[in-house]
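Participant: Please find upload-v1.cif (mmCIF, C-alpha atoms) on the next line:
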```cif
data_input
#
loop_
_atom_site.label_atom_id
_atom_site.label_comp_id
_atom_site.auth_asym_id
_atom_site.auth_seq_id
_atom_site.Cartn_x
_atom_site.Cartn_y
_atom_site.Cartn_z
CA MET A 1 -12.02 3.89 -33.77
CA GLY A 2 -9.58 5.07 -31.10
CA ILE A 3 -6.10 6.55 -31.20
CA SER A 4 -3.00 4.34 -30.85
CA ILE A 5 -0.52 5.51 -28.21
CA GLY A 6 2.04 3.92 -25.89
CA VAL A 7 1.19 2.77 -22.37
CA GLY A 8 3.47 5.33 -20.69
CA PRO A 9 2.07 8.44 -22.38
CA LEU A 10 -1.47 7.08 -22.04
CA THR A 11 -1.01 6.53 -18.30
CA ALA A 12 0.42 10.03 -17.95
CA LEU A 13 -2.54 11.44 -19.87
CA LEU A 14 -5.06 9.62 -17.68
CA PHE A 15 -3.57 10.96 -14.43
CA SER A 16 -2.96 14.43 -15.87
CA LEU A 17 -6.61 14.74 -16.87
CA LEU A 18 -7.66 13.61 -13.40
CA VAL A 19 -5.42 16.19 -11.69
CA VAL A 20 -6.56 19.01 -13.96
CA THR A 21 -10.20 18.07 -13.42
CA LEU A 22 -9.78 18.00 -9.64
CA LEU A 23 -8.02 21.38 -9.67
CA THR A 24 -11.08 22.92 -11.36
CA GLY A 25 -13.13 22.01 -8.30
CA VAL A 26 -15.17 19.24 -9.90
CA PRO A 27 -16.52 16.69 -7.36
CA LEU A 28 -14.32 13.63 -6.93
CA ALA A 29 -16.88 11.16 -8.32
CA VAL A 30 -17.32 13.25 -11.48
CA ALA A 31 -13.56 13.69 -11.86
CA LEU A 32 -12.87 9.96 -11.61
CA GLY A 33 -15.78 8.90 -13.80
CA GLY A 34 -15.50 11.72 -16.34
CA THR A 35 -11.78 11.22 -16.86
CA SER A 36 -12.37 7.51 -17.42
CA VAL A 37 -15.13 8.10 -19.99
CA VAL A 38 -13.07 10.70 -21.90
CA VAL A 39 -10.02 8.45 -22.12
CA GLY A 40 -12.21 5.47 -23.07
CA LEU A 41 -13.90 7.39 -25.87
CA LEU A 42 -10.61 8.86 -27.09
CA PHE A 43 -8.73 5.59 -27.42
CA TRP A 44 -11.39 2.90 -27.90
CA GLY A 45 -14.23 4.85 -29.44
CA PRO A 46 -17.97 4.69 -28.64
CA SER A 47 -17.82 0.94 -28.02
CA SER A 48 -16.04 1.67 -24.73
CA LEU A 49 -19.26 3.10 -23.33
CA PHE A 50 -20.66 -0.42 -22.93
CA MET A 51 -18.02 -1.13 -20.29
CA PHE A 52 -19.06 1.59 -17.84
CA PRO A 53 -22.64 0.47 -16.98
CA ALA A 54 -21.37 -3.09 -16.56
CA LYS A 55 -18.65 -1.95 -14.16
CA ALA A 56 -21.10 0.21 -12.22
CA LEU A 57 -23.50 -2.73 -11.86
CA GLY A 58 -20.66 -4.99 -10.77
CA ALA A 59 -19.57 -2.53 -8.11
CA MET A 60 -23.10 -2.14 -6.73
CA GLU A 61 -23.55 -5.91 -6.43
CA SER A 62 -20.94 -6.11 -3.65
CA ILE A 63 -22.68 -7.09 -0.41
CA ILE A 64 -20.10 -5.15 1.60
CA LEU A 65 -21.60 -1.89 0.30
CA VAL A 66 -24.66 -2.60 2.42
CA ALA A 67 -22.40 -2.18 5.46
CA ILE A 68 -21.56 1.36 4.34
CA ALA A 69 -25.23 2.36 4.21
CA LEU A 70 -25.97 0.80 7.60
CA PHE A 71 -22.93 2.27 9.37
CA VAL A 72 -23.70 5.70 7.92
CA LEU A 73 -27.29 5.41 9.16
CA MET A 74 -26.01 4.37 12.59
CA GLY A 75 -23.74 7.41 12.76
CA CYS A 76 -26.48 9.81 11.66
CA ILE A 77 -28.92 8.49 14.27
CA LEU A 78 -26.32 8.64 17.06
CA GLU A 79 -25.39 12.17 16.03
CA ARG A 80 -28.94 13.25 16.91
CA SER A 81 -29.40 10.97 19.90
CA GLY A 82 -27.95 13.26 22.58
CA ILE A 83 -25.19 10.79 23.47
CA ALA A 84 -22.46 13.41 22.88
CA ASP A 85 -24.09 15.84 25.32
CA ALA A 86 -24.40 13.15 27.98
CA LEU A 87 -20.80 12.03 27.49
CA TYR A 88 -19.53 15.59 27.67
CA GLU A 89 -21.44 16.16 30.91
CA ALA A 90 -19.60 13.17 32.40
CA VAL A 91 -16.27 14.53 31.14
CA TYR A 92 -17.06 17.92 32.66
CA LEU A 93 -17.83 16.41 36.05
CA TRP A 94 -14.84 14.05 36.18
CA LEU A 95 -12.05 15.84 34.29
CA GLY A 96 -13.02 19.52 34.36
CA ARG A 97 -10.76 20.29 37.33
CA LEU A 98 -7.68 18.85 35.60
CA LYS A 99 -5.36 20.96 33.48
CA GLY A 100 -6.50 20.33 29.92
CA GLY A 101 -9.15 17.94 31.24
CA LEU A 102 -11.94 19.05 28.93
CA ALA A 103 -9.72 18.62 25.85
CA ILE A 104 -8.50 15.22 27.06
CA GLY A 105 -12.10 14.15 27.60
CA THR A 106 -13.07 15.51 24.19
CA VAL A 107 -10.51 13.22 22.54
CA GLY A 108 -11.95 10.34 24.57
CA ILE A 109 -15.49 11.12 23.42
CA CYS A 110 -14.29 11.39 19.81
CA THR A 111 -12.72 7.93 20.23
CA ILE A 112 -16.04 6.51 21.40
CA PHE A 113 -17.90 8.31 18.62
CA ALA A 114 -15.40 6.96 16.08
CA ALA A 115 -16.25 3.43 17.18
CA MET A 116 -19.93 4.13 16.59
CA ALA A 117 -19.97 6.24 13.41
CA GLY A 118 -17.27 5.01 10.99
CA MET A 119 -16.67 8.54 9.67
CA SER A 120 -14.82 11.67 10.70
CA ALA A 121 -17.58 14.22 10.18
CA PRO A 122 -20.07 13.21 12.95
CA ALA A 123 -17.51 13.37 15.77
CA THR A 124 -15.84 16.53 14.46
CA VAL A 125 -19.04 18.50 13.93
CA THR A 126 -20.84 17.21 17.03
CA MET A 127 -17.94 17.87 19.40
CA GLY A 128 -17.29 21.17 17.69
CA LEU A 129 -20.82 22.24 18.60
CA VAL A 130 -20.84 20.69 22.07
CA ALA A 131 -17.29 21.01 23.42
CA LEU A 132 -15.75 23.96 21.59
CA PRO A 133 -17.97 26.71 23.11
CA SER A 134 -17.43 25.21 26.57
CA MET A 135 -13.63 25.18 26.20
CA PHE A 136 -13.52 28.69 24.73
CA LYS A 137 -15.73 29.96 27.56
CA ARG A 138 -13.28 28.56 30.11
CA GLY A 139 -10.16 30.07 28.56
CA TYR A 140 -8.75 27.16 26.54
CA SER A 141 -6.33 28.17 23.79
CA ASN A 142 -7.14 27.63 20.12
CA THR A 143 -4.27 25.15 19.85
CA ILE A 144 -5.72 22.81 22.46
CA ALA A 145 -9.45 23.35 21.93
CA ILE A 146 -9.57 23.24 18.12
CA GLY A 147 -6.68 20.79 17.72
CA SER A 148 -8.19 18.22 20.09
CA ILE A 149 -11.50 18.19 18.18
CA ALA A 150 -9.90 18.11 14.72
CA ALA A 151 -7.50 15.30 15.66
CA GLY A 152 -10.03 13.36 17.72
CA GLY A 153 -12.59 13.56 14.92
CA ALA A 154 -10.10 12.13 12.44
CA LEU A 155 -10.05 8.90 14.47
CA GLY A 156 -13.37 8.05 12.80
CA ILE A 157 -11.61 6.47 9.82
CA LEU A 158 -9.17 4.39 11.90
CA ILE A 159 -11.11 3.05 14.86
CA PRO A 160 -13.62 0.51 13.52
CA PRO A 161 -16.12 0.52 11.99
CA SER A 162 -14.54 2.62 9.24
CA ILE A 163 -16.14 3.43 5.88
CA THR A 164 -12.69 3.96 4.37
CA MET A 165 -11.62 0.48 5.51
CA ILE A 166 -14.71 -1.01 3.89
CA VAL A 167 -13.90 0.61 0.54
CA TYR A 168 -10.24 -0.44 0.79
CA GLY A 169 -11.28 -4.02 1.55
CA MET A 170 -13.77 -4.06 -1.32
CA MET A 171 -11.17 -2.70 -3.74
CA THR A 172 -8.36 -5.05 -2.74
CA GLY A 173 -10.20 -8.16 -1.56
CA VAL A 174 -8.71 -7.91 1.95
CA SER A 175 -10.90 -9.07 4.85
CA VAL A 176 -12.83 -6.05 6.14
CA GLY A 177 -13.26 -7.79 9.49
CA LYS A 178 -9.48 -8.11 9.93
CA LEU A 179 -9.00 -4.50 8.87
CA PHE A 180 -11.52 -3.43 11.52
CA ILE A 181 -9.83 -5.40 14.27
CA GLY A 182 -6.37 -4.36 13.05
CA GLY A 183 -7.28 -0.71 13.51
CA VAL A 184 -8.16 -1.06 17.21
CA PHE A 185 -4.68 -0.84 18.79
CA PRO A 186 -3.31 1.87 16.44
CA GLY A 187 -6.46 3.91 17.07
CA LEU A 188 -6.13 3.58 20.84
CA LEU A 189 -2.41 4.37 20.62
CA LEU A 190 -3.10 7.51 18.62
CA ALA A 191 -5.88 8.64 20.98
CA GLY A 192 -3.65 7.95 23.98
CA LEU A 193 -0.79 10.02 22.56
CA PHE A 194 -3.20 12.88 21.76
CA MET A 195 -4.33 12.86 25.40
CA ALA A 196 -0.75 12.60 26.70
CA TYR A 197 0.33 15.56 24.57
CA ILE A 198 -2.57 17.69 25.84
CA ALA A 199 -1.82 16.75 29.46
CA VAL A 200 1.92 17.53 29.16
CA ARG A 201 1.36 20.75 27.21
CA CYS A 202 -1.20 22.05 29.73
CA ALA A 203 0.98 21.00 32.67
CA ILE A 204 3.84 23.08 31.22
CA ASN A 205 1.55 25.99 30.31
CA PRO A 206 -1.69 25.83 32.34
CA SER A 207 -3.09 28.89 30.55
CA MET A 208 -3.62 26.72 27.44
CA GLY A 209 -6.09 24.47 29.28
CA PRO A 210 -6.83 25.93 32.70
CA PRO A 211 -8.48 23.76 35.33
CA ILE A 212 -12.00 24.97 36.04
CA PRO A 213 -14.04 25.06 39.23
CA VAL A 214 -17.19 23.05 38.74
CA GLU A 215 -20.03 25.55 39.02
CA ARG A 216 -22.07 23.43 41.38
CA ASP A 217 -21.26 21.21 44.31
CA VAL A 218 -21.14 17.74 42.85
CA SER A 219 -21.07 14.67 45.03
CA LEU A 220 -19.28 11.47 44.14
CA ARG A 221 -22.67 9.83 43.73
CA VAL A 222 -23.65 12.34 41.04
CA ARG A 223 -20.37 11.80 39.23
CA PHE A 224 -20.82 8.05 39.15
CA ALA A 225 -24.40 8.52 38.00
CA ALA A 226 -23.06 10.55 35.05
CA LEU A 227 -20.96 7.55 34.01
CA ARG A 228 -24.17 5.78 33.02
CA SER A 229 -23.95 7.74 29.77
CA VAL A 230 -20.92 5.63 28.84
CA VAL A 231 -22.70 2.29 29.24
CA LEU A 232 -24.84 2.39 26.09
CA PRO A 233 -22.06 3.54 23.71
CA LEU A 234 -19.66 0.91 25.06
CA ALA A 235 -22.33 -1.79 24.81
CA LEU A 236 -22.93 -0.85 21.17
CA ILE A 237 -19.19 -0.90 20.41
CA VAL A 238 -18.79 -4.31 22.07
CA ALA A 239 -21.79 -5.65 20.13
CA ILE A 240 -20.33 -4.53 16.79
CA LEU A 241 -16.66 -5.41 17.24
CA GLY A 242 -17.32 -8.41 19.46
CA SER A 243 -19.60 -10.01 16.88
CA ILE A 244 -16.92 -9.56 14.19
CA TYR A 245 -14.01 -10.67 16.39
CA SER A 246 -15.81 -13.79 17.60
CA GLY A 247 -16.82 -14.77 14.06
CA ILE A 248 -20.53 -14.56 14.89
CA ALA A 249 -21.21 -11.86 12.29
CA THR A 250 -19.70 -10.51 9.10
CA PRO A 251 -19.03 -6.74 8.91
CA THR A 252 -22.30 -6.31 6.99
CA GLU A 253 -24.27 -8.20 9.64
CA ALA A 254 -22.45 -6.25 12.37
CA ALA A 255 -23.50 -3.04 10.61
CA ALA A 256 -27.13 -4.15 10.89
CA ILE A 257 -26.59 -4.78 14.61
CA GLY A 258 -25.10 -1.31 14.93
CA ALA A 259 -27.95 0.41 13.08
CA PHE A 260 -30.54 -1.37 15.20
CA GLY A 261 -28.54 -0.62 18.34
CA SER A 262 -28.38 3.09 17.48
CA ILE A 263 -32.19 3.19 17.30
CA ILE A 264 -32.37 1.56 20.75
CA CYS A 265 -29.86 4.10 22.11
CA ALA A 266 -31.88 6.99 20.73
CA ALA A 267 -35.04 5.52 22.24
CA LEU A 268 -33.41 5.14 25.67
CA TYR A 269 -32.13 8.73 25.48
CA ARG A 270 -35.72 9.76 24.55
CA THR A 271 -34.60 11.41 21.32
CA LEU A 272 -36.19 8.87 18.98
CA ASN A 273 -38.97 10.71 17.21
CA LEU A 274 -40.22 10.98 13.66
CA LYS A 275 -38.39 14.26 13.00
CA ASN A 276 -34.97 12.98 14.09
CA LEU A 277 -35.47 9.65 12.35
CA ARG A 278 -36.45 11.37 9.11
CA GLU A 279 -33.53 13.80 9.26
CA ALA A 280 -31.06 11.01 10.07
CA SER A 281 -32.40 8.86 7.24
CA LEU A 282 -32.19 11.69 4.69
CA GLU A 283 -28.65 12.59 5.80
CA ALA A 284 -27.63 8.93 5.62
CA LEU A 285 -29.14 8.69 2.13
CA LYS A 286 -27.17 11.73 0.95
CA LEU A 287 -23.88 10.51 2.44
CA THR A 288 -24.33 6.96 1.18
CA THR A 289 -25.21 8.19 -2.32
CA MET A 290 -22.07 10.34 -2.33
CA VAL A 291 -19.93 7.35 -1.34
CA MET A 292 -21.60 5.11 -3.92
CA TRP A 293 -20.93 7.58 -6.75
CA ILE A 294 -17.29 7.80 -5.67
CA VAL A 295 -17.14 3.99 -5.71
CA ILE A 296 -18.64 3.88 -9.22
CA GLY A 297 -16.28 6.58 -10.50
CA GLY A 298 -13.36 4.84 -8.83
CA TYR A 299 -14.23 1.50 -10.39
CA TRP A 300 -14.41 3.13 -13.81
CA PHE A 301 -11.04 4.80 -13.31
CA ALA A 302 -9.42 1.58 -12.07
CA SER A 303 -10.90 -0.39 -14.97
CA VAL A 304 -9.59 2.03 -17.61
CA PHE A 305 -6.22 2.13 -15.87
CA GLN A 306 -6.01 -1.67 -15.94
CA ALA A 307 -7.25 -1.86 -19.54
CA ILE A 308 -4.52 0.45 -20.88
CA GLY A 309 -1.85 -1.61 -19.11
CA GLY A 310 -1.10 1.17 -16.64
CA SER A 311 -0.80 -1.15 -13.67
CA GLN A 312 1.94 -3.26 -15.26
CA PHE A 313 3.73 -0.15 -16.51
CA ALA A 314 3.70 1.49 -13.06
CA GLN A 315 4.87 -1.71 -11.37
CA GLN A 316 7.81 -2.05 -13.75
CA LEU A 317 8.68 1.59 -13.15
CA ILE A 318 8.59 1.23 -9.36
CA PHE A 319 10.51 -2.06 -9.34
CA SER A 320 13.26 -0.40 -11.40
CA LEU A 321 13.90 2.12 -8.61
CA PRO A 322 16.98 1.36 -6.45
CA PHE A 323 15.17 1.66 -3.12
CA GLY A 324 14.62 -1.91 -1.95
CA ARG A 325 11.32 -3.18 -0.53
CA TRP A 326 11.27 -0.86 2.48
CA GLY A 327 12.29 2.08 0.33
CA VAL A 328 9.34 1.36 -1.96
CA LEU A 329 7.00 1.18 1.05
CA ILE A 330 8.27 4.51 2.40
CA LEU A 331 7.89 6.07 -1.06
CA MET A 332 4.27 4.92 -1.11
CA GLN A 333 3.64 6.51 2.28
CA VAL A 334 5.15 9.79 1.07
CA THR A 335 2.86 9.80 -1.97
CA PHE A 336 -0.13 9.11 0.32
CA ILE A 337 0.79 12.15 2.42
CA PHE A 338 1.07 14.33 -0.68
CA LEU A 339 -2.18 13.04 -2.20
CA GLY A 340 -3.93 13.44 1.16
CA MET A 341 -3.42 17.18 0.86
CA LEU A 342 -5.32 17.20 -2.43
CA MET A 343 -7.86 14.37 -2.46
CA ASP A 344 -10.39 12.48 -0.41
CA PRO A 345 -9.10 9.15 1.02
CA LEU A 346 -11.68 7.21 -1.00
CA GLY A 347 -10.36 8.75 -4.21
CA ILE A 348 -6.79 7.95 -3.19
CA ILE A 349 -7.78 4.29 -2.80
CA PHE A 350 -9.07 4.07 -6.36
CA VAL A 351 -6.16 6.03 -7.84
CA THR A 352 -3.30 4.26 -6.06
CA MET A 353 -4.36 0.74 -5.08
CA PRO A 354 -4.49 -0.68 -8.63
CA VAL A 355 -0.78 0.20 -8.75
CA TYR A 356 0.39 -0.20 -5.17
CA PHE A 357 -1.50 -3.24 -3.92
CA PRO A 358 -0.04 -5.78 -6.41
CA ILE A 359 3.43 -4.40 -5.61
CA ILE A 360 2.83 -4.81 -1.87
CA MET A 361 1.81 -8.43 -2.44
CA GLU A 362 4.82 -9.02 -4.69
CA LEU A 363 7.16 -7.60 -2.04
CA GLY A 364 5.69 -9.89 0.61
CA PHE A 365 4.10 -7.31 2.90
CA ASP A 366 0.94 -8.21 4.79
CA PRO A 367 -2.12 -6.67 3.04
CA VAL A 368 -3.99 -6.08 6.32
CA TRP A 369 -0.95 -4.31 7.78
CA PHE A 370 -0.55 -2.19 4.65
CA GLY A 371 -4.25 -1.32 4.70
CA VAL A 372 -4.14 -0.07 8.29
CA LEU A 373 -0.90 1.83 7.51
CA PHE A 374 -2.79 3.55 4.72
CA ILE A 375 -5.63 4.49 7.07
CA VAL A 376 -3.19 5.85 9.69
CA ASN A 377 -1.62 7.91 6.91
CA MET A 378 -5.02 9.20 5.86
CA GLU A 379 -5.56 10.47 9.42
CA MET A 380 -3.15 13.24 8.45
CA ALA A 381 -5.15 13.97 5.29
CA TYR A 382 -8.03 15.23 7.44
CA LEU A 383 -5.78 17.80 9.13
CA THR A 384 -3.46 18.96 6.35
CA PRO A 385 -4.29 21.88 4.05
CA PRO A 386 -5.54 22.65 1.53
CA PHE A 387 -8.00 19.72 1.35
CA GLY A 388 -8.23 18.67 5.04
CA CYS A 389 -11.94 18.07 5.65
CA ASN A 390 -11.85 18.62 9.41
CA LEU A 391 -10.30 22.04 8.90
CA PHE A 392 -13.35 23.18 6.95
CA TYR A 393 -15.82 21.52 9.31
CA LEU A 394 -14.32 23.49 12.20
CA LYS A 395 -14.09 26.74 10.27
CA ALA A 396 -17.84 26.52 9.69
CA ILE A 397 -18.64 26.27 13.41
CA THR A 398 -15.92 28.36 15.10
CA PRO A 399 -16.42 32.05 15.91
CA LYS A 400 -15.56 34.51 13.14
CA SER A 401 -12.60 35.72 15.20
CA VAL A 402 -10.92 32.34 14.64
CA LEU A 403 -9.02 32.55 11.35
CA MET A 404 -8.28 29.64 9.04
CA MET A 405 -4.59 30.06 9.83
CA ASP A 406 -5.40 29.61 13.54
CA ILE A 407 -7.04 26.28 12.72
CA TYR A 408 -4.03 25.24 10.62
CA ARG A 409 -1.63 26.05 13.46
CA SER A 410 -3.73 24.20 16.02
CA CYS A 411 -3.41 20.97 14.01
CA VAL A 412 0.39 21.02 13.56
CA PRO A 413 1.28 19.21 16.84
CA PHE A 414 -1.38 16.58 16.23
CA VAL A 415 -0.18 15.93 12.68
CA ALA A 416 3.29 15.40 14.15
CA ILE A 417 1.85 12.81 16.56
CA GLN A 418 0.07 11.08 13.67
CA SER A 419 3.40 10.90 11.81
CA ILE A 420 5.08 9.36 14.86
CA VAL A 421 2.35 6.71 15.17
CA LEU A 422 2.70 5.91 11.45
CA ILE A 423 6.42 5.27 11.97
CA ILE A 424 5.76 3.19 15.11
CA VAL A 425 3.27 0.85 13.44
CA MET A 426 5.60 0.49 10.44
CA ILE A 427 8.47 -0.57 12.70
CA PHE A 428 6.29 -2.79 14.91
CA PRO A 429 3.75 -4.52 12.60
CA GLN A 430 2.33 -6.65 15.43
CA ILE A 431 0.60 -3.59 16.87
CA ILE A 432 -1.71 -4.02 13.88
CA LEU A 433 -1.49 -7.75 13.19
CA TRP A 434 -1.64 -9.40 16.60
CA LEU A 435 -5.33 -8.89 17.31
CA PRO A 436 -6.55 -9.95 13.82
CA GLY A 437 -4.43 -13.07 14.21
CA GLN A 438 -6.49 -14.04 17.27
CA MET A 439 -9.85 -13.70 15.48
CA LEU A 440 -12.28 -16.58 15.36
CA GLY A 441 -14.00 -17.46 12.13
CA GLY A 442 -11.18 -16.19 9.90
CA GLY A 443 -12.38 -12.56 9.79
#
```
Please express what this file holds, its structure, as structure tokens.
Facilitator:
Amino acid sequence: MGISIGVGPLTALLFSLLVVTLLTGVPLAVALGGTSVVVGLLFWGPSSLFMFPAKALGAMESIILVAIALFVLMGCILERSGIADALYEAVYLWLGRLKGGLAIGTVGICTIFAAMAGMSAPATVTMGLVALPSMFKRGYSNTIAIGSIAAGGALGILIPPSITMIVYGMMTGVSVGKLFIGGVFPGLLLAGLFMAYIAVRCAINPSMGPPIPVERDVSLRVRFAALRSVVLPLALIVAILGSIYSGIATPTEAAAIGAFGSIICAALYRTLNLKNLREASLEALKLTTMVMWIVIGGYWFASVFQAIGGSQFAQQLIFSLPFGRWGVLILMQVTFIFLGMLMDPLGIIFVTMPVYFPIIMELGFDPVWFGVLFIVNMEMAYLTPPFGCNLFYLKAITPKSVLMMDIYRSCVPFVAIQSIVLIIVMIFPQIILWLPGQMLGGG
């Protein structure tokens, strides 16, 4: 037999336990799932334990989860395919002599990688290993070299295919295909502003990104030959997004196309061997398992939250605030920024969407637009301390002379740009909504 308590105190207890658990350093999946089990046992007794396996099974039956596994596999294979090295060679030949050219090209490569991997880590780590030593060697400042990789890598959750978008769509019932297509223009806008900032900053202060003399005499023919490295990645991107946009394939089917295409790319780059395939498969298995456990823990947390009446309580509380519909939306964005400093975006989805999504629907906002707004907001989460994932990825691969505070400072201008883009797409919703509105097959 459980304990009887009001909805308000019970909701506060649920979230307080989650925060305390996270602050102890417990993994997100364990924090979400463990908090849910404890509250269930405390207030409904042992009979509540029957709910959790059923919810886990229900979550795993979603066909959209197959897309996560396939997109992760695609990213892991491409990470080992040598595409990044070939792309960077082309950037070096074409943009190396421009002020800040290597950093501008690095953002461009991260944009391409984002459209092939669906995650932040592959682009951040790969470009950190490939581009960072080259930029440091040629006198680039920490602000430009580290900041361009951290910010460019974060594009992996906005430019489709995005694992975070898949989880958001699964949690809210919003079309994943429309979320993918809705993220295209904001992602390109963000990448373009990153590049513009680097170009302007290096034009004002060339010492931050000095132009470099190419070490060998390179003819125009050689430069154009280097552009062949762009053909395969672009073909793969067009195959994935084009099949979704045209209505030929669902996101899950497009993920299968992407995974198969990544194997072809690796074969054409002559990096497809048993060792790389085994390593990519094992890495994909680990990453997919991590995501799946977060999904299970998140479903448990959301189920307990709904069962105690927390969603209705939170909605009544928010609707009682004297902010108006836009004030409520801005308040949500502020809470996303704060939570992004402390939690993984997937955890934020499961903690906030049971509360926020019904309110967004009640207020008449477009769910696809709100979903992409959330993803744009989460771009900042990858660059803001103390939790920012990309900060730790880069700390692991930068020289020991680069301090954590140097990495923090390098990301400040790029976080400001992300904030500006968030405001722009809030004011002009059609930047997000126009392209999904043109989709064939209903997304």
Participant: With the PyMOL selection byres ((chain A and resi 139) around 9) as the selection, what would be picked from this file? Answer as a PyMOL selection string, please.
Facilitator: chain A and resi 134-138+140-141+207-210
Participant: Taking (-4.7, 13.7, 28.7) in the coordinates of the supplied file, I want to know which residues reach to within 10 Å of it, counting all atoms listed in the file; could you give the answer as number ranges by chain?
Facilitator: A: 95, 98-108, 191-202
Participant: Sort by chain and increasing residue number a table of all residues of range 49-102 of chain A within 9 Å of range 248-263 of chain A, each with its closest pair of atoms and their distance in Å to one decimal, counting all atoms listed in the file, and write it as a Markdown table.
Facilitator:
```
| residue | atom | partner | partner_atom | distance |
| --- | --- | --- | --- | --- |
| A:Ile63 | CA | A:Thr252 | CA | 7.5 |
| A:Ile64 | CA | A:Thr252 | CA | 5.9 |
| A:Leu65 | CA | A:Thr252 | CA | 8.0 |
| A:Val66 | CA | A:Thr252 | CA | 6.3 |
| A:Ala67 | CA | A:Thr252 | CA | 4.4 |
| A:Ile68 | CA | A:Ala255 | CA | 7.9 |
| A:Ala69 | CA | A:Ala255 | CA | 8.6 |
| A:Leu70 | CA | A:Ala255 | CA | 5.5 |
| A:Phe71 | CA | A:Ala255 | CA | 5.5 |
| A:Val72 | CA | A:Ala259 | CA | 8.5 |
| A:Leu73 | CA | A:Ala259 | CA | 6.4 |
| A:Met74 | CA | A:Ala259 | CA | 4.4 |
| A:Gly75 | CA | A:Ser262 | CA | 7.9 |
| A:Ile77 | CA | A:Ser262 | CA | 6.3 |
| A:Leu78 | CA | A:Ser262 | CA | 5.9 |
| A:Ser81 | CA | A:Ser262 | CA | 8.3 |
```
Participant: Closest to Met361 in chain A among A:Ile424, A:Ala121, A:Leu329, A:Cys265, using only C-alpha atoms?
Facilitator: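 Checking each candidate against Met361 in chain A, we get A:Leu329 as the closest.
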Participant: For each of A:Phe336, A:Phe428, A:Phe370, A:Phe323, take the minimum atom-to-atom distance to Val174 in chain A, counting only C-alpha atoms, then give the residue where this is smallest.
Facilitator: A:Phe370
Participant: Quick one: distance from CA of Val355 in chain A to CA of Leu331 in chain A in Å, one decimal?
Facilitator: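 These two atoms are separated by 13.0 Å.
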Participant: Report as JSON the centre and the edge lengths, in Å to one decimal, of the axis-aligned box holding every listed atom of range 59-73 of chain A, padded by 3 Å on each side.
Facilitator:
```
{"center_x": -23.4, "center_y": -0.7, "center_z": 0.6, "size_x": 13.7, "size_y": 18.8, "size_z": 23.5}
```
Participant: For each of A:Ala203, A:Leu232, A:Met290, A:Ala145, take the minimum atom-to-atom distance to Tyr269 in chain A, counting all atoms listed in the file, then give the residue where this is smallest.
Facilitator: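 Of all the options, A:Leu232 lies closest to Tyr269 in chain A.
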Participant: Check the smallest atom-to-atom distance from each of A:Val130, A:Ile432, A:Val402, A:Ile349 to Met170 in chain A using only C-alpha atoms, then report the winner.
Facilitator: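 Smallest separation from Met170 in chain A among the options: A:Ile349.
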Participant: Please, what distance in Å, to one decimal, runs between CA of Ile264 in chain A and CA of Pro233 in chain A?
Facilitator: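 So the two atoms, CA of Ile264 in chain A and CA of Pro233 in chain A, lie 10.9 Å apart.
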Participant: How would you write, as a ChimeraX atom specification, the residues chosen by the PyMOL selection byres ((chain A and resi 114) around 10) on this structure?
Facilitator: /A:75,108-113,115-124,152-162,187,237
Participant: What gap, in Å, lies between CA of Lys178 in chain A and CA of Leu433 in chain A?
Facilitator: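 Separation between CA of Lys178 in chain A and CA of Leu433 in chain A: 8.6 Å.
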Participant: Using all atoms listed in the file, find the one residue out of A:Thr11, A:Ser48, A:Ser281, A:Thr164 that sits nearest to Arg80 in chain A.
Facilitator: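 When distances to Arg80 in chain A are compared using all atoms listed in the file, the smallest one comes from A:Ser281.
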Participant: Run the PyMOL selection byres ((chain A and resi 319) around 12) mentally over the shown coordinates, then write out the matched residues as a list of chain:residue names, using the chain letters and numbers from the document.
Facilitator: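 On the file shown, the PyMOL selection byres ((chain A and resi 319) around 12) covers A:Gln312, A:Phe313, A:Ala314, A:Gln315, A:Gln316, A:Leu317, A:Ile318, A:Ser320, A:Leu321, A:Pro322, A:Phe323, A:Gly324, A:Arg325, A:Trp326, A:Gly327, A:Val328, A:Leu329, A:Leu331, A:Val355, A:Tyr356, A:Pro358, A:Ile359, A:Ile360, A:Glu362, A:Leu363.
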Participant: From the list A:Leu394, A:Leu28, A:Leu23, A:Ile83, which residue is nearest Arg228 in chain A when using all atoms listed in the file?
Facilitator: A:Ile83
Participant: Show me, as a PyMOL selection string, the residues that have an atom within 9 Å of Gly34 in chain A when counting all atoms listed in the file, minus same-chain residues fewer than 3 positions from it.
Facilitator: chain A and resi 18+21+29-31+37-39+297+301
Participant: Generate the missing atoms of range 82-86 of chain A up to N, CA and C atoms and report them as a PDB file, in the coordinates of the input.
Facilitator:
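Output file part-v1.pdb follows:
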```
ATOM      1  N   GLY A  82     -28.257  12.615  21.303  1.00  0.00           N
ATOM      2  CA  GLY A  82     -27.950  13.260  22.580  1.00  0.00           C
ATOM      3  C   GLY A  82     -26.856  12.561  23.349  1.00  0.00           C
ATOM      4  N   ILE A  83     -26.255  11.513  22.777  1.00  0.00           N
ATOM      5  CA  ILE A  83     -25.190  10.790  23.470  1.00  0.00           C
ATOM      6  C   ILE A  83     -23.992  11.702  23.718  1.00  0.00           C
ATOM      7  N   ALA A  84     -23.634  12.533  22.725  1.00  0.00           N
ATOM      8  CA  ALA A  84     -22.460  13.410  22.880  1.00  0.00           C
ATOM      9  C   ALA A  84     -22.641  14.363  24.050  1.00  0.00           C
ATOM     10  N   ASP A  85     -23.841  14.919  24.203  1.00  0.00           N
ATOM     11  CA  ASP A  85     -24.090  15.840  25.320  1.00  0.00           C
ATOM     12  C   ASP A  85     -23.946  15.127  26.659  1.00  0.00           C
ATOM     13  N   ALA A  86     -24.487  13.906  26.733  1.00  0.00           N
ATOM     14  CA  ALA A  86     -24.400  13.150  27.980  1.00  0.00           C
ATOM     15  C   ALA A  86     -22.957  12.770  28.302  1.00  0.00           C
TER      16      ALA A  86
END
```
